[in-house]
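K.L.:
To be precise about what I am sending: the file is called target-v7.csv and holds CSV, C-alpha atoms and all ligand atoms.
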chain,number,residue,atom,x,y,z
L,1462,MET,CA,149.7,-84.5,187.2
L,1463,ASN,CA,149.6,-81.3,185.1
L,1464,PHE,CA,148.8,-78.0,186.9
L,1465,HIS,CA,147.7,-75.1,184.8
L,1466,VAL,CA,147.5,-71.9,186.7
L,1467,MET,CA,145.7,-68.8,185.3
L,1468,THR,CA,147.2,-65.8,187.0
L,1469,LEU,CA,148.3,-62.2,186.6
L,1470,PHE,CA,151.5,-63.1,188.4
L,1471,PRO,CA,153.0,-66.2,186.7
L,1472,GLU,CA,156.4,-65.5,188.2
L,1473,LEU,CA,155.0,-66.1,191.7
L,1474,ILE,CA,153.9,-69.6,190.7
L,1475,GLU,CA,157.1,-70.4,188.8
L,1476,GLU,CA,159.4,-69.3,191.6
L,1477,ALA,CA,157.5,-71.2,194.3
L,1478,THR,CA,157.3,-74.4,192.3
L,1479,ASN,CA,161.0,-74.2,191.3
L,1480,THR,CA,162.2,-75.1,194.8
L,1481,SER,CA,162.8,-78.3,196.8
L,1482,ILE,CA,160.5,-81.3,196.4
L,1483,LEU,CA,158.2,-79.7,193.8
L,1484,LYS,CA,161.3,-78.7,191.7
L,1485,ARG,CA,162.5,-82.3,191.8
L,1486,ALA,CA,159.1,-83.7,190.8
L,1487,VAL,CA,159.0,-81.3,187.9
L,1488,SER,CA,162.4,-82.2,186.7
L,1489,ASN,CA,161.6,-85.9,187.1
L,1490,GLY,CA,158.5,-85.3,184.9
L,1491,ILE,CA,156.1,-86.5,187.6
L,1492,ILE,CA,154.3,-83.2,187.7
L,1493,SER,CA,154.2,-80.2,185.4
L,1494,VAL,CA,153.4,-76.6,186.2
L,1495,HIS,CA,152.1,-74.2,183.5
L,1496,ALA,CA,151.6,-70.7,184.8
L,1497,VAL,CA,149.6,-68.8,182.2
L,1498,ASN,CA,149.4,-65.0,182.2
L,1499,ILE,CA,145.8,-63.9,181.9
L,1500,ARG,CA,147.0,-60.5,180.7
L,1501,ASP,CA,148.4,-62.1,177.5
L,1502,TYR,CA,144.8,-62.7,176.5
L,1503,THR,CA,143.2,-59.4,176.9
L,1504,ASP,CA,141.6,-57.7,173.9
L,1505,ASN,CA,142.3,-54.3,175.5
L,1506,LYS,CA,145.0,-52.5,173.6
L,1507,HIS,CA,146.4,-51.1,176.8
L,1508,GLY,CA,146.7,-54.5,178.4
L,1509,ARG,CA,143.9,-53.9,180.9
L,1510,VAL,CA,142.3,-56.9,182.6
L,1511,ASP,CA,140.2,-55.1,185.3
L,1512,ASP,CA,137.6,-52.5,185.5
L,1513,TYR,CA,135.2,-50.8,188.0
L,1514,THR,CA,132.3,-52.8,189.4
L,1515,TYR,CA,128.8,-52.1,188.3
L,1516,GLY,CA,126.7,-50.7,191.2
L,1517,GLY,CA,129.6,-48.9,192.7
L,1518,GLY,CA,131.9,-49.7,195.5
L,1519,ALA,CA,135.6,-49.5,195.9
L,1520,GLY,CA,138.1,-51.6,194.0
L,1521,MET,CA,138.6,-53.1,190.6
L,1522,LEU,CA,137.2,-56.4,189.3
L,1523,MET,CA,138.9,-58.8,186.9
L,1524,GLN,CA,137.0,-58.9,183.7
L,1525,ALA,CA,135.5,-61.9,182.0
L,1526,GLN,CA,137.0,-61.7,178.5
L,1527,PRO,CA,140.7,-62.1,179.3
L,1528,ILE,CA,140.0,-65.0,181.7
L,1529,TYR,CA,137.7,-66.8,179.3
L,1530,ASP,CA,140.2,-66.6,176.4
L,1531,CYS,CA,143.0,-67.7,178.7
L,1532,TYR,CA,140.9,-70.6,179.7
L,1533,LEU,CA,140.2,-71.6,176.1
L,1534,ALA,CA,143.9,-71.5,175.4
L,1535,VAL,CA,144.7,-73.6,178.5
L,1536,VAL,CA,142.1,-76.2,177.5
L,1537,LYS,CA,143.4,-76.3,174.0
L,1538,SER,CA,146.8,-77.0,175.3
L,1539,ILE,CA,145.4,-79.9,177.4
L,1540,MET,CA,143.7,-81.3,174.3
L,1541,GLN,CA,146.9,-81.0,172.3
L,1542,SER,CA,148.9,-82.8,175.0
L,1543,LYS,CA,146.4,-85.7,174.8
L,1544,GLY,CA,146.5,-85.6,171.0
L,1545,ILE,CA,142.9,-84.5,170.7
L,1546,ASP,CA,141.8,-82.4,167.8
L,1547,GLY,CA,138.5,-80.5,167.5
L,1548,ASP,CA,136.5,-77.7,168.9
L,1549,VAL,CA,137.5,-76.4,172.3
L,1550,GLU,CA,134.1,-75.3,173.5
L,1551,GLU,CA,132.6,-78.7,172.5
L,1552,TYR,CA,135.4,-80.5,174.4
L,1553,ILE,CA,134.6,-78.3,177.4
L,1554,ARG,CA,130.9,-79.1,177.3
L,1555,ASP,CA,131.7,-82.8,177.1
L,1556,HIS,CA,134.5,-83.1,179.6
L,1557,ARG,CA,134.1,-80.2,182.0
L,1558,PRO,CA,137.9,-80.0,182.8
L,1559,ILE,CA,138.5,-79.6,186.6
L,1560,THR,CA,138.7,-75.8,187.0
L,1561,ILE,CA,139.2,-74.5,190.5
L,1562,TYR,CA,138.6,-70.9,191.5
L,1563,MET,CA,140.5,-70.0,194.6
L,1564,THR,CA,138.1,-67.9,196.7
L,1565,PRO,CA,137.4,-67.2,200.3
L,1566,GLN,CA,133.7,-67.9,199.5
L,1567,ALA,CA,134.0,-71.7,199.6
L,1568,LEU,CA,134.6,-74.7,201.8
L,1569,VAL,CA,138.1,-74.7,203.3
L,1570,PHE,CA,140.6,-77.0,201.7
L,1571,THR,CA,141.2,-80.3,203.5
L,1572,GLN,CA,143.5,-83.3,203.2
L,1573,SER,CA,140.7,-85.4,201.8
L,1574,MET,CA,140.1,-82.9,199.0
L,1575,ALA,CA,143.8,-83.1,198.2
L,1576,VAL,CA,143.6,-86.9,198.1
L,1577,GLY,CA,140.6,-86.7,195.7
L,1578,LEU,CA,142.3,-84.2,193.4
L,1579,SER,CA,145.6,-86.1,193.4
L,1580,ASN,CA,144.0,-88.7,191.1
L,1581,GLU,CA,143.3,-86.1,188.3
L,1582,GLU,CA,145.5,-85.8,185.3
L,1583,ASP,CA,145.0,-82.0,184.7
L,1584,ILE,CA,143.9,-79.4,187.1
L,1585,ILE,CA,143.3,-75.8,186.1
L,1586,PHE,CA,143.4,-73.1,188.8
L,1587,LEU,CA,142.1,-69.6,188.5
L,1588,CYS,CA,143.7,-67.0,190.7
L,1589,GLY,CA,141.7,-63.9,191.4
L,1590,HIS,CA,143.1,-60.5,192.3
L,1591,TYR,CA,141.8,-57.0,193.4
L,1592,GLU,CA,138.1,-57.3,194.4
L,1593,GLY,CA,137.7,-60.6,192.6
L,1594,VAL,CA,136.3,-61.8,189.3
L,1595,ASP,CA,133.3,-61.0,187.2
L,1596,GLU,CA,130.7,-63.6,188.2
L,1597,ARG,CA,129.7,-64.5,184.7
L,1598,VAL,CA,133.0,-66.1,183.7
L,1599,LEU,CA,133.0,-68.0,187.0
L,1600,GLU,CA,129.6,-69.4,186.1
L,1601,GLU,CA,130.9,-70.6,182.7
L,1602,ILE,CA,134.3,-72.1,183.6
L,1603,VAL,CA,134.5,-73.0,187.3
L,1604,THR,CA,133.8,-76.6,188.4
L,1605,ASP,CA,135.0,-76.3,192.0
L,1606,ASN,CA,135.5,-73.4,194.5
L,1607,ILE,CA,138.2,-73.8,197.2
L,1608,SER,CA,139.2,-71.5,200.0
L,1609,ILE,CA,142.3,-72.0,202.1
L,1610,GLY,CA,140.9,-70.4,205.2
L,1611,ASP,CA,138.5,-67.8,206.6
L,1612,TYR,CA,140.6,-64.7,205.9
L,1613,VAL,CA,141.0,-62.6,202.8
L,1614,LEU,CA,144.3,-62.5,200.8
L,1615,THR,CA,145.3,-60.1,198.1
L,1616,GLY,CA,145.3,-62.9,195.4
L,1617,GLY,CA,144.7,-66.5,194.6
L,1618,GLU,CA,148.3,-67.4,193.9
L,1619,LEU,CA,149.3,-68.4,197.4
L,1620,PRO,CA,146.1,-70.4,197.8
L,1621,ALA,CA,146.7,-72.2,194.5
L,1622,LEU,CA,150.2,-73.0,195.6
L,1623,VAL,CA,149.0,-74.4,198.9
L,1624,CYS,CA,146.6,-76.7,197.0
L,1625,MET,CA,149.3,-77.7,194.4
L,1626,ASP,CA,151.8,-78.5,197.2
L,1627,ALA,CA,149.3,-80.6,199.2
L,1628,ILE,CA,148.1,-82.4,196.0
L,1629,SER,CA,151.6,-83.0,194.6
L,1630,ARG,CA,153.0,-84.8,197.6
L,1631,LEU,CA,150.3,-87.4,197.2
L,1632,VAL,CA,151.2,-88.1,193.6
L,1633,PRO,CA,153.1,-91.4,193.6
L,1634,GLY,CA,156.9,-90.8,193.1
L,1635,VAL,CA,156.9,-87.2,194.3
L,1636,LEU,CA,158.0,-88.0,197.8
L,1637,GLY,CA,161.0,-90.3,198.3
L,1638,ASN,CA,161.0,-93.0,200.9
L,1639,GLU,CA,162.7,-90.8,203.4
L,1640,GLU,CA,159.8,-88.3,203.1
L,1641,SER,CA,157.1,-91.0,203.5
L,1642,TYR,CA,153.5,-89.9,203.7
L,1643,GLN,CA,152.3,-93.1,205.3
L,1644,THR,CA,151.5,-91.8,208.7
L,1645,GLU,CA,150.7,-88.2,208.7
L,1646,SER,CA,148.4,-85.8,210.4
L,1647,PHE,CA,144.8,-86.1,209.1
L,1648,ASP,CA,145.4,-89.6,207.6
L,1649,ASP,CA,143.3,-91.3,210.2
L,1650,GLY,CA,141.5,-88.1,211.3
L,1651,LEU,CA,144.1,-87.5,214.0
L,1652,LEU,CA,147.1,-85.2,214.3
L,1653,GLU,CA,150.5,-86.8,214.2
L,1654,TYR,CA,152.3,-87.8,217.4
L,1655,PRO,CA,155.5,-85.9,218.5
L,1656,GLN,CA,158.7,-87.0,216.9
L,1657,TYR,CA,162.4,-86.9,217.9
L,1658,SER,CA,165.7,-87.3,216.1
L,1659,ARG,CA,169.3,-87.3,217.4
L,1660,PRO,CA,170.7,-86.7,219.9
L,1661,GLU,CA,169.1,-88.7,222.7
L,1662,GLU,CA,169.4,-85.7,225.0
L,1663,TRP,CA,169.2,-82.0,224.1
L,1664,HIS,CA,168.9,-79.0,226.4
L,1665,GLY,CA,168.4,-81.5,229.2
L,1666,LYS,CA,165.4,-83.1,227.5
L,1667,ARG,CA,165.5,-86.8,226.9
L,1668,VAL,CA,163.8,-88.6,224.0
L,1669,PRO,CA,161.0,-90.7,225.6
L,1670,ASP,CA,162.5,-94.1,226.7
L,1671,ILE,CA,159.8,-96.1,224.8
L,1672,LEU,CA,161.1,-94.8,221.5
L,1673,LEU,CA,164.6,-96.1,222.3
L,1674,SER,CA,163.2,-99.5,223.5
L,1675,GLY,CA,163.1,-101.1,220.0
L,1676,HIS,CA,159.7,-102.6,221.1
L,1677,HIS,CA,157.6,-102.0,218.0
L,1678,ALA,CA,154.2,-102.7,219.4
L,1679,ASN,CA,154.8,-100.5,222.4
L,1680,VAL,CA,156.0,-97.7,220.2
L,1681,GLU,CA,152.9,-97.9,218.1
L,1682,LYS,CA,150.7,-97.9,221.2
L,1683,TRP,CA,152.5,-94.8,222.6
L,1684,ARG,CA,152.3,-93.0,219.3
L,1685,HIS,CA,148.5,-93.6,219.0
L,1686,GLU,CA,148.0,-92.4,222.5
L,1687,GLU,CA,150.0,-89.3,221.9
L,1688,SER,CA,148.1,-88.7,218.7
L,1689,LEU,CA,144.8,-88.9,220.6
L,1690,LYS,CA,146.1,-86.6,223.4
L,1691,ARG,CA,147.5,-84.0,220.9
L,1692,THR,CA,144.3,-84.0,218.8
L,1693,MET,CA,142.1,-83.6,221.9
L,1694,GLU,CA,144.2,-80.6,223.1
L,1695,ARG,CA,144.8,-78.8,219.9
L,1696,ARG,CA,141.9,-79.7,217.7
L,1697,PRO,CA,138.9,-80.7,219.8
L,1698,ASP,CA,136.7,-80.4,216.7
L,1699,LEU,CA,138.8,-83.2,214.9
L,1700,TYR,CA,138.8,-85.3,218.1
L,1701,GLU,CA,135.0,-85.2,218.4
L,1702,ALA,CA,134.7,-86.3,214.7
L,1703,TYR,CA,137.2,-89.1,215.3
L,1704,LYS,CA,135.4,-90.3,218.4
L,1705,ASN,CA,132.1,-90.3,216.5
L,1706,ASN,CA,133.6,-92.4,213.6
L,1707,ALA,CA,135.8,-94.8,215.5
L,1708,CYS,CA,135.2,-96.1,219.0
L,1709,VAL,CA,138.0,-94.6,221.2
L,1801,LIG,N1,136.1,-59.4,197.3
L,1801,LIG,C1,136.4,-60.9,197.5
L,1801,LIG,C2,137.8,-61.1,198.0
L,1801,LIG,C3,138.8,-60.8,196.9
L,1801,LIG,S1,140.4,-61.2,197.4
L,1801,LIG,C4,135.4,-61.4,198.6
L,1801,LIG,O1,135.0,-60.6,199.5
L,1801,LIG,O2,135.1,-62.6,198.6
L,1801,LIG,C5,141.2,-61.3,195.8
L,1801,LIG,C6,141.4,-62.8,195.4
L,1801,LIG,O3,142.2,-63.4,196.3
L,1801,LIG,C7,140.2,-63.6,195.2
L,1801,LIG,O4,139.6,-63.4,194.0
L,1801,LIG,C8,140.7,-65.0,195.4
L,1801,LIG,O5,141.2,-65.6,194.2
L,1801,LIG,C9,141.9,-64.8,196.3
L,1801,LIG,N2,141.7,-65.2,197.7
L,1801,LIG,C10,141.6,-64.3,198.8
L,1801,LIG,N3,141.4,-64.9,200.0
L,1801,LIG,C11,141.4,-66.2,199.7
L,1801,LIG,C12,141.2,-67.4,200.5
L,1801,LIG,N4,141.0,-67.4,201.8
L,1801,LIG,N5,141.2,-68.6,199.8
L,1801,LIG,C13,141.4,-68.7,198.5
L,1801,LIG,N6,141.5,-67.6,197.7
L,1801,LIG,C14,141.5,-66.4,198.3
Kindly transcribe the structure held in the file into structure tokens.
Ligand code: SAH

P.N.:
Amino acid sequence: MNFHVMTLFPELIEEATNTSILKRAVSNGIISVHAVNIRDYTDNKHGRVDDYTYGGGAGMLMQAQPIYDCYLAVVKSIMQSKGIDGDVEEYIRDHRPITIYMTPQALVFTQSMAVGLSNEEDIIFLCGHYEGVDERVLEEIVTDNISIGDYVLTGGELPALVCMDAISRLVPGVLGNEESYQTESFDDGLLEYPQYSRPEEWHGKRVPDILLSGHHANVEKWRHEESLKRTMERRPDLYEAYKNNACV
């Protein structure tokens, strides 16, 4: 899995992916992260990448030209990594590389979107800043819009990192056995059951006896019931959807 992130703040992407599980996946060659600075592609001799919005209104907008040229360079690098020669714009027309604009104006990212994207070889992210991005370049390059929630952030870097993190951990080999993703919240439409580790008693609270019983079927039954209960309490919306899909 190769992530290509178009951003004005590449150091944010690099620092966050240079830690813990993602760092290990990068050094094992399972994923790669290329943070590309949009500013490197501006034609403006003062290095500007933003300007006022037509029609008035506060704030600056990221301009089309630097983003488009950055995008062409990113796609060219993808072509090179695949050993493909030829015209970039023709390749783009034929292949429509997955290019995700992080924006609050989209459906909110879910685990099933992460699962779908984890099968891709290359994903390009565009991180906006300021007031956002000139609509015309979005029309030309974006294949998918993704929001991480109904609130407005200062930039698309944290949202892109959220997506990259959720996608990466689904790529085979990224998680070790001890970090298994086999039973996880959302996998079956339910939240995960509560979990406990040593010691058996802490602050006067005992681990539920059933988990110490060694009786596998009973443990599974208890976990499923706890999942149902927790989902009903914390995410009634998910519980309703689960009930409608599976007979509870
Ligand atoms: N004026 C825009 C918001 C701009 S916020 C609007 O009203 O829709 C600046 C940038 O931050 C955006 O271009 C986007 O890339 C990113 N961003 C902000 N909130 C986000 C969210 N909830 N999900 C994904 N990206 C977001």

K.L.:
At a cut-off of 10 Å, using only C-alpha atoms, what residues contact L:Met1574? Leave out same-chain residues fewer than 3 positions from it and give the result as a VMD selection string.

P.N.:
chain L and resid 1569 to 1571 1577 to 1579 1607 1624 1627 to 1628

K.L.:
Given only C-alpha atoms and all ligand atoms as the basis, pick out the residue of L:Gln1572, L:Ser1658, L:Asn1706, L:Thr1514 nearest to ligand LIG 1801 (chain L).

P.N.:
L:Thr1514

K.L.:
Could you jot down the atom CA of L:Arg1696 to atom CA of L:Pro1620 separation for me, Å, one decimal place?

P.N.:
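Going from atom CA of L:Arg1696 over to atom CA of L:Pro1620 covers 22.4 Å.
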
K.L.:
For ligand LIG 1801 (chain L), which residue out of L:Ala1575, L:Ile1482, L:Val1594, L:Ala1519 is the nearest one, using all atoms listed in the file?

P.N.:
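The shortest atom-to-atom distance to ligand LIG 1801 (chain L) comes from L:Val1594.
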
K.L.:
Write out as a tab-separated table a residue-level contact list of chain L versus ligand LIG 1801 (chain L) with cut-off 12 Å: for each qualifying residue the closest pair of atoms and the distance in Å to one decimal, counting all atoms listed in the file, rows sorted by chain and residue number upward.

P.N.:
residue	atom	partner	partner_atom	distance
L:Val1466	CA	L:LIG1801	O5	11.6
L:Met1467	CA	L:LIG1801	O5	10.5
L:Thr1468	CA	L:LIG1801	O5	9.4
L:Leu1469	CA	L:LIG1801	O5	10.9
L:Thr1514	CA	L:LIG1801	N1	11.0
L:Gly1518	CA	L:LIG1801	N1	10.7
L:Ala1519	CA	L:LIG1801	N1	10.0
L:Gly1520	CA	L:LIG1801	N1	8.7
L:Met1521	CA	L:LIG1801	N1	9.5
L:Leu1522	CA	L:LIG1801	N1	8.6
L:Met1523	CA	L:LIG1801	O4	8.5
L:Gln1524	CA	L:LIG1801	O4	11.5
L:Ile1561	CA	L:LIG1801	O5	9.8
L:Tyr1562	CA	L:LIG1801	O5	6.5
L:Met1563	CA	L:LIG1801	N6	4.0
L:Thr1564	CA	L:LIG1801	N6	3.6
L:Pro1565	CA	L:LIG1801	C12	3.8
L:Gln1566	CA	L:LIG1801	O2	5.6
L:Ala1567	CA	L:LIG1801	N5	7.8
L:Leu1568	CA	L:LIG1801	N5	9.2
L:Val1569	CA	L:LIG1801	N5	7.7
L:Phe1570	CA	L:LIG1801	N5	8.6
L:Phe1586	CA	L:LIG1801	O5	9.5
L:Leu1587	CA	L:LIG1801	O5	7.0
L:Cys1588	CA	L:LIG1801	O5	4.5
L:Gly1589	CA	L:LIG1801	O5	3.3
L:His1590	CA	L:LIG1801	C5	4.1
L:Tyr1591	CA	L:LIG1801	C5	5.0
L:Glu1592	CA	L:LIG1801	N1	4.1
L:Gly1593	CA	L:LIG1801	O4	3.7
L:Val1594	CA	L:LIG1801	O4	6.0
L:Asp1595	CA	L:LIG1801	O4	9.6
L:Glu1596	CA	L:LIG1801	O4	10.6
L:Leu1599	CA	L:LIG1801	O4	10.7
L:Asp1605	CA	L:LIG1801	C13	11.9
L:Asn1606	CA	L:LIG1801	C13	8.5
L:Ile1607	CA	L:LIG1801	C13	6.2
L:Ser1608	CA	L:LIG1801	N5	3.5
L:Ile1609	CA	L:LIG1801	N5	4.2
L:Gly1610	CA	L:LIG1801	N4	4.5
L:Asp1611	CA	L:LIG1801	N4	5.4
L:Tyr1612	CA	L:LIG1801	N4	4.9
L:Val1613	CA	L:LIG1801	N3	3.6
L:Leu1614	CA	L:LIG1801	C10	3.8
L:Thr1615	CA	L:LIG1801	C5	4.9
L:Gly1616	CA	L:LIG1801	O3	3.3
L:Gly1617	CA	L:LIG1801	O5	3.6
L:Glu1618	CA	L:LIG1801	C9	7.3
L:Leu1619	CA	L:LIG1801	N6	7.8
L:Pro1620	CA	L:LIG1801	C13	5.0
L:Ala1621	CA	L:LIG1801	C13	7.5
L:Leu1622	CA	L:LIG1801	C13	10.2
L:Val1623	CA	L:LIG1801	C13	9.5
L:Cys1624	CA	L:LIG1801	C13	9.7

K.L.:
Ranking L:Val1632, L:Gln1541, L:Asn1498, L:Ser1488 by minimum distance to L:Ile1474 and counting only C-alpha atoms, which one comes first?

P.N.:
L:Asn1498

K.L.:
Between L:Arg1500, L:Ile1545, L:Gly1490, L:Thr1644, which is the closest to L:Pro1471 once you count all atoms listed in the file?

P.N.:
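Of the candidates, the smallest distance to L:Pro1471 is held by L:Arg1500.
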
K.L.:
Between atom CA of L:Leu1473 and atom CA of L:Arg1630, what is the spacing in Å?

P.N.:
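Computing it gives 19.7 Å between the two atoms.
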
K.L.:
Which residues are close to stretch 1551-1556 of chain L, i.e. within 12 Å by all atoms listed in the file, leaving aside same-chain residues fewer than 2 positions away? Reply as a PDB file with C-alpha atoms, in the frame of the given file.

P.N.:
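Saved file around_19.pdb follows:
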ATOM      1  CA  TYR L1532     140.900 -70.600 179.700  1.00  0.00           C
ATOM      2  CA  LEU L1533     140.200 -71.600 176.100  1.00  0.00           C
ATOM      3  CA  ALA L1534     143.900 -71.500 175.400  1.00  0.00           C
ATOM      4  CA  VAL L1535     144.700 -73.600 178.500  1.00  0.00           C
ATOM      5  CA  VAL L1536     142.100 -76.200 177.500  1.00  0.00           C
ATOM      6  CA  LYS L1537     143.400 -76.300 174.000  1.00  0.00           C
ATOM      7  CA  SER L1538     146.800 -77.000 175.300  1.00  0.00           C
ATOM      8  CA  ILE L1539     145.400 -79.900 177.400  1.00  0.00           C
ATOM      9  CA  MET L1540     143.700 -81.300 174.300  1.00  0.00           C
ATOM     10  CA  GLN L1541     146.900 -81.000 172.300  1.00  0.00           C
ATOM     11  CA  ILE L1545     142.900 -84.500 170.700  1.00  0.00           C
ATOM     12  CA  ASP L1546     141.800 -82.400 167.800  1.00  0.00           C
ATOM     13  CA  GLY L1547     138.500 -80.500 167.500  1.00  0.00           C
ATOM     14  CA  ASP L1548     136.500 -77.700 168.900  1.00  0.00           C
ATOM     15  CA  VAL L1549     137.500 -76.400 172.300  1.00  0.00           C
ATOM     16  CA  PRO L1558     137.900 -80.000 182.800  1.00  0.00           C
ATOM     17  CA  ILE L1559     138.500 -79.600 186.600  1.00  0.00           C
ATOM     18  CA  THR L1560     138.700 -75.800 187.000  1.00  0.00           C
ATOM     19  CA  ASP L1583     145.000 -82.000 184.700  1.00  0.00           C
ATOM     20  CA  GLU L1601     130.900 -70.600 182.700  1.00  0.00           C
ATOM     21  CA  ILE L1602     134.300 -72.100 183.600  1.00  0.00           C
ATOM     22  CA  VAL L1603     134.500 -73.000 187.300  1.00  0.00           C
ATOM     23  CA  THR L1604     133.800 -76.600 188.400  1.00  0.00           C
TER      24      THR L1604
END

K.L.:
L:Ala1707, L:Met1693, L:Met1462, L:Ile1492: which is nearest L:Asn1580, counting only C-alpha atoms?

P.N.:
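Distance minimum relative to L:Asn1580 lands on L:Met1462.
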
K.L.:
One number please: atom CA of L:Glu1694 to atom CA of L:Asp1670, in Å, one decimal.

P.N.:
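We find that atom CA of L:Glu1694 and atom CA of L:Asp1670 lie 23.0 Å from each other.
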
K.L.:
Pick from L:Gly1675, L:Gly1634, L:Glu1475, L:Glu1681: nearest to L:Tyr1654, with all atoms listed in the file counted?

P.N.:
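Among the listed residues, the smallest separation from L:Tyr1654 belongs to L:Glu1681.
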